[in-house]
Structure formats: C-alpha cells, structure tokens
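J.: Before I ask anything, here is the structure I am working with.
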Amino acid sequence: MNTATTMRNKTRRGFLKTAGALGASLYLSGMAGSKRRAAAQVKQETLAMDGGPKAVTYAAPNAQKWPLYGDEEIQAVTELLRNPDYKPVAEFEEAWKAYHGCPYAKAHCNGTSALTSMLFALDLPPGSEVLVPDYSTWFPVVPMRFFDLVPVFVDSNPRTLNIDIEDCKRRLTKNTRAIMPVHWYGLPCEMDDICSFAKEHGLEVVEDCSHAHGARVNDTLVGNWGRMAGFSLQTTKPLPAIEGGIGMYKNVRDFERATTYGNYDLPHTFADDSPYKKYQGTAFGGKMRIHPIAAILARIQLKDLDAKNEAGVAQVKRLNDRITQLPGVSEQFVRPGIKRVFYAKNIIFIDEAKAGMSRAAAVKALQAEGVEAAEYSLRLQHTYPIYSEAQWWRYMPILPAEDSLPGCAEANRKAVLLPYFTSDQPELIEQYGNAFEKVWAHRDRIAKT
C-alpha cells in the first residue's frame with residue numbers, strides 16, 4: 001500500500017470514528033471556546049479587511065475531498081478490469097434493497113435516467129399536472145415533456161428550502177395528479193405531511209432523493225415514502241459512484257415498466273404474466289444501465305453511508321450551534337422527527353435586519369478572514385427558456401406569477417454557502433467560529449462599507 005493510500009484510509013477511518021465523538025467532547029470544547037471569546041475581547045481584534053490577521057489560517061487542502069475511496073474500491077475495480085462482468089450491477093441492487101427494505105430497485109447510468117424512467121413508470125394521462133419545487137434543478141422536471149406531463153412550479157419554504165405544502169394547496173387544479181418533493185441539500189421534506197396532503201387529494205408521491213441518501217423522516221428512510229423514488233449517484237452526492245443513479249419501487253409493474261424503458265436485455269427476467277416481458281430485445285428505445293464500475297463503487301460506499309453521514313452532521317453541528325448564536329444567523333430548520341444529512345455544502349441564512357449589516361458585506365468580511373463563504377442565489381427553474389417555448393411541449397408548463405414566490409425570494413436574499421468538511425477538522429471549525437464572532441463583533445463598522 002502506498003503512502004497516499006494509507007493516509008487517505010487513515011483520514012477516512014478517523015472521520016467515521018468521530019460520528020459519536022464530534023457530537024460530544026469536541027462539540028463541548030467548541031462551545032467552551034466560544035464562551036472564552038467574550039464580545040468585548042473580540043472587539044479588540046482588527047478585521048482582516050482593515051489589515052488585521054486572518055482568523056482562518058489552518059491549511060487543510062483535503063478538508064473537502066470527496067469521494068473518499070480506499071483499498072476496497074481499488075481492489076474490486078481492478079478485479080473487474082481483469083475479469084469483466086455485469087454481476088456487480090445486481091450485487092449493488094441487492095445491497096440497496098437490503099439497506100432500504102424495499103422490494104424493487106433498478107440501477108441506471110445516472111440520476112436523470114433514474115428519474116426519467118420513474119416518470120415513465122408513473123404512466124399518467126397526457127396533460128396531468130405534477131407539483132414541483134421552483135427552488136430546484138431541471139433533472140426531474142424537463143423529462144416530463146417526453147411523457148406529456150405538466151410541471152407546476154411551487155414556492156419553497158424559506159426556512160427549509162423545500163417545497164411549500166401550503167403553496168401546493170393553492171396551485172391544485174382538477175388536473176393535478178402528482179407531487180414531486182426534492183430533499184434539498186440533504187434536508188428531507190416533511191414527508192408525513194406531504195403524504196397526508198397527497199392522500200387527501202388523490203395524488204401520487206414521487207421523491208427526488210438525489211441530495212439525501214440515508215436521511216430519514218420519523219425513522220423511515222427517504223425514498224420509502226412515495227410510490228417511487230429516484231436517486232443520483234454522481235460524484236458529489238452523499239453516495240458517490242462518479243456517475244450513476246437508481247430508482248426504487250414498491251409495485252412490481254412500476255418496476256417492470258421503469259426497467260423496460262432503458263434495459264432491452266431484462267424483460268425476459270419478468271414473470272410470465274408481465275405485460276412488459278414481450279419487449280425483450282428492444283425495450284422502448286433507451287439504454288440506461290449503470291456501468292459495473294459505478295455499481296461497485298456505490299455498493300462499497302453504501303456500507304459506510306450512515307457512519308459518514310453521522311460524522312458529517314456532527315461536525316456541521318459544532319459550527320452551526322456556535323454561529324447561530326449570533327444575531328441574524330440561522331440554518332435550515334430541522335423539524336423534530338427529521339434526521340438530515342449534508343450534500344456538498346452547509347447552507348446558512350443571514351437576516352440583514354437582525355444582523356445589522358448586509359449579507360454581501362458580511363460575506364465579504366468573512367472571506368477576508370479566510371472563510372470560504374459565498375452568497376447563494378439560485379436561478380428559479382421557471383425562468384429557464386425551455387419552460388416557455390411551445391416547440392418542446394405538447395402540454396405547456398404552468399409558470400408562476402413573478403410575485404407569487406415569496407419563499408424563494410426570501411431564500412435568495414438570505415442564503416449563504418459554507419463548506420462541508422468531509423474529514424475531521426476541529427481546528428478549522430474552531431477558526432471558522434472565531435471568524436464569525438470577529439465579523440459580528442465589528443458589524444457596525446462593516447455595515448458602513
């Protein structure tokens with residue numbers, strides 16, 4: 001084993017071991033550090049933007065390294081190259097079903113393929129409306145045009161960034177047939193409430209879980225709440241396979257229909273009474289199977305998913321519990337019963353009125369102190385040209401009025417991106433906390449910039 005691999009494995013093991021410890025002794029030491037830094041003391045420090053020393057000086061070039069692959073992945077992929085085979089695909093699907101406790105799963109070449117196959121499996125009448133969050137991505141929405149579905153763009157809750165159920169109620173029509181919640185940046189939607197709403201109105205629930213592998217609502221894993229669900233396994237995701245996706249299904253006919261959409265070689269495996277068995281050899285014109293290398297990576301990463309998620313959440317908690325004590329700083333709201341994960345970034349909010357300075361000025365001062373921070377303003381889905389051009393749709397999307405998305409507007413005014421550290425970084429977390437306290441101690445001065 002070479003030195004680089006040894007160090008990578010040590011870092012990975014160390015990070016996993018901190019899943020419990022980060023939430024206890026290290027968190028307490030971080031809070032103790034915060035208490036030691038009284039506001040009057042911090043006020044004496046000169047801001048970096050005014051020529052003072054930076055608060056963040058610790059160099060950790062691999063603090064955000066992702067994915068974290070090790071010897072097991074390398075050895076398994078090497079063996080596949082020596083003996084090419086498709087067996088890893090089925091092995092991954094079986095591991096996925098065991099982890100989620102679901103009866104059916106089909107791996108795909110990417111998350112968009114998984115979501116597209118899921119929409120095909122939904123088999124709704126042409127013109128059916130699907131409620132989707134505007135504060136989201138195109139991956140599960142643009143493919144609706146292939147199946148004559150109508151995306152209806154809905155506001156998001158500015159405290160969570162997830163779909164707003166109250167706005168869903170306002171946008172219901174006689175043609176509404178489904179709702180697609182997206183668990184944004186690892187925070188699950190309130191699936192119990194969404195499913196109750198859907199049941200009341202006879203709607204299908206289809207989940208986009210591409211940011212939230214391993215997250216739970218009331219101890220139920222995301223992906224298990226709706227009729228079906230799709231996941232991305234792209235390299236930045238909590239379960240990274242470099243590229244890949246997977247769909248999960250409760251109903252055998254949904255599974256067979258989704259599988260036949262992009263797998264010409266599998267219908268012969270269906271039961272004799274399957275209406276899709278006859279499409280062996282052609283399927284429906286797509287070829288979407290996952291690469292066996294990606295299946296290997298995903299299967300091995302799945303074994304450590306919960307431990308990595310818990311370690312990452314505990315580390316973010318150390319920082320966020322400290323900085324959210326400052327005026328005007330908050331994080332995504334996590335309701336009781338919800339167990340979140342993190343994907344790629346740690347999102348916080350700055351309320352300018354309570355903070356006493358603008359978001360832009362605060363971020364600029366934090367950046368000067370060495371904090372990797374950025375204002376986060378997401379382009380809303382409905383503003384992209386494809387949704388308003390008739391040549392791409394037989395049934396046009398339903399676009400919101402510009403003043404009817406107050407939650408999205410508030411989110412774009414307040415959100416800030418911070419790094420998600422993927423290895424144990426107590427010194428960085430301490431210095432980030434110091435930087436925030438330093439900036440907030442001088443917010444009267446910063447507000448004048």
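A note on labels: chains of the structure tokens are A, B, ... as shown, every chain counts residues from 1, and ligands are counted from 1 in their shown order.
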Excluding Ala39 of chain A and residues on its chain fewer than 4 positions from it, collect all residues at most 8 Å away from it, counting only C-alpha atoms, and give them as a list in words.
T.: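 Residues near the query, excluding close chain neighbours: Lys43, Glu437 and Ala441 of chain A.
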J.: May I have the residues within 6 Å of segment 331-344 of chain A as number ranges by chain, using only C-alpha atoms and disregarding those fewer than 2 positions away in the same chain?
T.: A: 159-160, 185-187, 211, 215-218, 238, 309, 348-349, 420
J.: Set out as CSV a contact list for segment 188-219 of chain A and segment 94-114 of chain A with a cut-off of 10 Å, giving each residue of segment 188-219 of chain A that qualifies its closest atom pair and distance in Å to one decimal, counting only C-alpha atoms, ordered by chain and rising residue number.
T.:
residue,atom,partner,partner_atom,distance
A:Asp208,CA,A:Gly111,CA,9.3
A:Cys209,CA,A:Gly111,CA,9.6
A:Ser210,CA,A:Gly111,CA,7.2
A:Gly214,CA,A:His100,CA,8.7
J.: Pick out the residues sitting within 6 Å of Val206 of chain A, and hand them over as a list in words; count only C-alpha atoms, and ignore anything fewer than 5 positions along from it in its own chain.
T.: Met180, Gly226, Arg227, Met228 and Ala229 of chain A
J.: Identify all residues of segment 235-442 of chain A in strand (DSSP E) (DSSP on the backbone) and supply them as a PyMOL selection string.
T.: chain A and resi 245-249+329-331+338-339+345-350+374-375+415-419
J.: Here is a test: counting only C-alpha atoms, which residue of A:Ala76, A:Leu405, A:Met144, A:Ala198 is nearest to Leu122 of chain A?
T.: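 When distances to Leu122 of chain A are compared using only C-alpha atoms, the smallest one comes from A:Met144.
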J.: Pro181 of chain A: which residues within 9 Å, counting only C-alpha atoms, same-chain residues fewer than 3 positions away excluded, as a PDB file with N, CA, C and O atoms, in the first residue's frame?
T.:
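In the end it all went to selection-v8.pdb:
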ATOM      1  N   LEU A 131     -46.874  18.753  -9.276  1.00  0.00           N
ATOM      2  CA  LEU A 131     -46.375  19.847  -8.445  1.00  0.00           C
ATOM      3  C   LEU A 131     -44.892  19.643  -8.176  1.00  0.00           C
ATOM      4  O   LEU A 131     -44.477  18.595  -7.664  1.00  0.00           O
ATOM      5  N   VAL A 132     -44.076  20.645  -8.530  1.00  0.00           N
ATOM      6  CA  VAL A 132     -42.630  20.554  -8.359  1.00  0.00           C
ATOM      7  C   VAL A 132     -42.106  21.841  -7.722  1.00  0.00           C
ATOM      8  O   VAL A 132     -42.667  22.917  -7.943  1.00  0.00           O
ATOM      9  N   PRO A 133     -41.043  21.771  -6.929  1.00  0.00           N
ATOM     10  CA  PRO A 133     -40.485  22.991  -6.349  1.00  0.00           C
ATOM     11  C   PRO A 133     -39.763  23.822  -7.400  1.00  0.00           C
ATOM     12  O   PRO A 133     -39.007  23.298  -8.209  1.00  0.00           O
ATOM     13  N   ASN A 162     -37.257  23.614   1.067  1.00  0.00           N
ATOM     14  CA  ASN A 162     -38.034  22.532   0.469  1.00  0.00           C
ATOM     15  C   ASN A 162     -39.419  23.013   0.043  1.00  0.00           C
ATOM     16  O   ASN A 162     -39.861  24.102   0.422  1.00  0.00           O
ATOM     17  N   ILE A 163     -40.105  22.192  -0.728  1.00  0.00           N
ATOM     18  CA  ILE A 163     -41.399  22.548  -1.297  1.00  0.00           C
ATOM     19  C   ILE A 163     -42.389  22.968  -0.205  1.00  0.00           C
ATOM     20  O   ILE A 163     -42.439  22.374   0.877  1.00  0.00           O
ATOM     21  N   TRP A 184     -33.802  18.992  -0.453  1.00  0.00           N
ATOM     22  CA  TRP A 184     -32.780  19.931  -0.898  1.00  0.00           C
ATOM     23  C   TRP A 184     -31.575  19.961   0.032  1.00  0.00           C
ATOM     24  O   TRP A 184     -31.681  20.199   1.218  1.00  0.00           O
ATOM     25  N   PRO A 188     -34.514  16.396   4.458  1.00  0.00           N
ATOM     26  CA  PRO A 188     -35.744  15.786   3.951  1.00  0.00           C
ATOM     27  C   PRO A 188     -36.941  16.721   4.027  1.00  0.00           C
ATOM     28  O   PRO A 188     -37.063  17.532   4.958  1.00  0.00           O
ATOM     29  N   CYS A 189     -37.795  16.615   3.046  1.00  0.00           N
ATOM     30  CA  CYS A 189     -39.079  17.286   3.118  1.00  0.00           C
ATOM     31  C   CYS A 189     -39.914  16.649   4.230  1.00  0.00           C
ATOM     32  O   CYS A 189     -39.618  15.549   4.697  1.00  0.00           O
ATOM     33  N   MET A 191     -42.241  14.589   4.852  1.00  0.00           N
ATOM     34  CA  MET A 191     -42.919  13.595   4.024  1.00  0.00           C
ATOM     35  C   MET A 191     -44.214  13.091   4.637  1.00  0.00           C
ATOM     36  O   MET A 191     -45.134  12.703   3.911  1.00  0.00           O
ATOM     37  N   ILE A 194     -46.655  15.716   3.595  1.00  0.00           N
ATOM     38  CA  ILE A 194     -46.847  15.659   2.142  1.00  0.00           C
ATOM     39  C   ILE A 194     -47.703  14.467   1.755  1.00  0.00           C
ATOM     40  O   ILE A 194     -48.615  14.570   0.913  1.00  0.00           O
ATOM     41  N   VAL A 205     -47.187  10.346  -5.034  1.00  0.00           N
ATOM     42  CA  VAL A 205     -45.985  10.964  -4.486  1.00  0.00           C
ATOM     43  C   VAL A 205     -44.770  10.273  -5.099  1.00  0.00           C
ATOM     44  O   VAL A 205     -44.624   9.058  -4.993  1.00  0.00           O
ATOM     45  N   VAL A 206     -43.924  11.061  -5.757  1.00  0.00           N
ATOM     46  CA  VAL A 206     -42.681  10.549  -6.323  1.00  0.00           C
ATOM     47  C   VAL A 206     -41.540  11.414  -5.790  1.00  0.00           C
ATOM     48  O   VAL A 206     -41.563  12.632  -5.921  1.00  0.00           O
ATOM     49  N   GLU A 207     -40.554  10.786  -5.173  1.00  0.00           N
ATOM     50  CA  GLU A 207     -39.495  11.525  -4.498  1.00  0.00           C
ATOM     51  C   GLU A 207     -38.247  11.647  -5.367  1.00  0.00           C
ATOM     52  O   GLU A 207     -37.823  10.676  -5.996  1.00  0.00           O
ATOM     53  N   ASP A 208     -37.653  12.845  -5.346  1.00  0.00           N
ATOM     54  CA  ASP A 208     -36.298  13.032  -5.862  1.00  0.00           C
ATOM     55  C   ASP A 208     -35.387  13.108  -4.636  1.00  0.00           C
ATOM     56  O   ASP A 208     -35.357  14.108  -3.919  1.00  0.00           O
ATOM     57  N   CYS A 209     -34.628  12.043  -4.425  1.00  0.00           N
ATOM     58  CA  CYS A 209     -33.793  11.906  -3.230  1.00  0.00           C
ATOM     59  C   CYS A 209     -32.311  12.115  -3.530  1.00  0.00           C
ATOM     60  O   CYS A 209     -31.444  11.652  -2.784  1.00  0.00           O
TER      61      CYS A 209
END
J.: Which residues, written as an MDAnalysis selection string, have at least one atom at most 7 Å from Pro67 of chain A, with only C-alpha atoms counted and residues fewer than 2 positions away on the same chain left out?
T.: chainID A and resid 65 69 235 240
J.: Enumerate as a PyMOL selection string all residues of segment 40-175 of chain A assigned to helix (DSSP H, G or I) by DSSP on the backbone, naming them with the chain letters and numbers the document uses.
T.: chain A and resi 40-43+48-50+71-82+87-100+111-122+142-147+165-170
J.: With only C-alpha atoms as the basis for distance, which of A:Leu418, A:Gln367, A:Pro126, A:Gly230 is at the shortest distance from Met248 of chain A?
T.: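 That would be A:Gly230, the residue with the smallest distance to Met248 of chain A.
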J.: Taking into account only C-alpha atoms, which residue in the set A:Ala314, A:Val130, A:Leu417, A:Leu380 is nearest to Ile350 of chain A?
T.: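 Selected residue with least distance to Ile350 of chain A: A:Leu417.
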J.: Using only C-alpha atoms, which protein or nucleic acid residues come within 9 Å of Arg299 of chain A? Drop anything in the same chain fewer than 6 positions from it, and give the result as a PyMOL selection string.
T.: chain A and resi 88-89+91-93+95-96+241
J.: I'd like to know which of A:Glu430, A:Asp265, A:Asp424, A:Asp155 is closest to Ala55 of chain A, using only C-alpha atoms.
T.: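 Looking at the shortest contact to Ala55 of chain A, the residue is A:Glu430.
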J.: Restricting the calculation to only C-alpha atoms: of A:Ala298, A:Ile165, A:Leu326, A:Ala60, which residue gets closest to Ala90 of chain A?
T.: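 Under the stated criterion, the closest residue is A:Ala298.
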J.: Show which residues sit within 9 Å of Asp85 of chain A, as a compact mmCIF listing (two decimals) with N, CA and C atoms, in the first residue's frame. Count only C-alpha atoms, and ignore same-chain residues fewer than 4 positions away.
T.:
# COMPACT_ATOMS: atom_id res chain seq x y z
N LEU A 80 -12.46 -6.32 -11.53
CA LEU A 80 -13.41 -6.24 -12.65
C LEU A 80 -12.68 -6.03 -13.96
N LEU A 81 -11.64 -5.22 -13.95
CA LEU A 81 -10.89 -4.99 -15.18
C LEU A 81 -10.20 -6.27 -15.66
N PRO A 292 -20.78 -1.25 -14.56
CA PRO A 292 -20.44 -2.09 -13.40
C PRO A 292 -19.39 -1.48 -12.47
J.: Just to confirm, what's the straight-line distance from atom CA of Leu428 of chain A to atom CA of Ala63 of chain A in Å (one decimal)?
T.: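 Rounded to one decimal, the two atoms are 8.9 Å apart.
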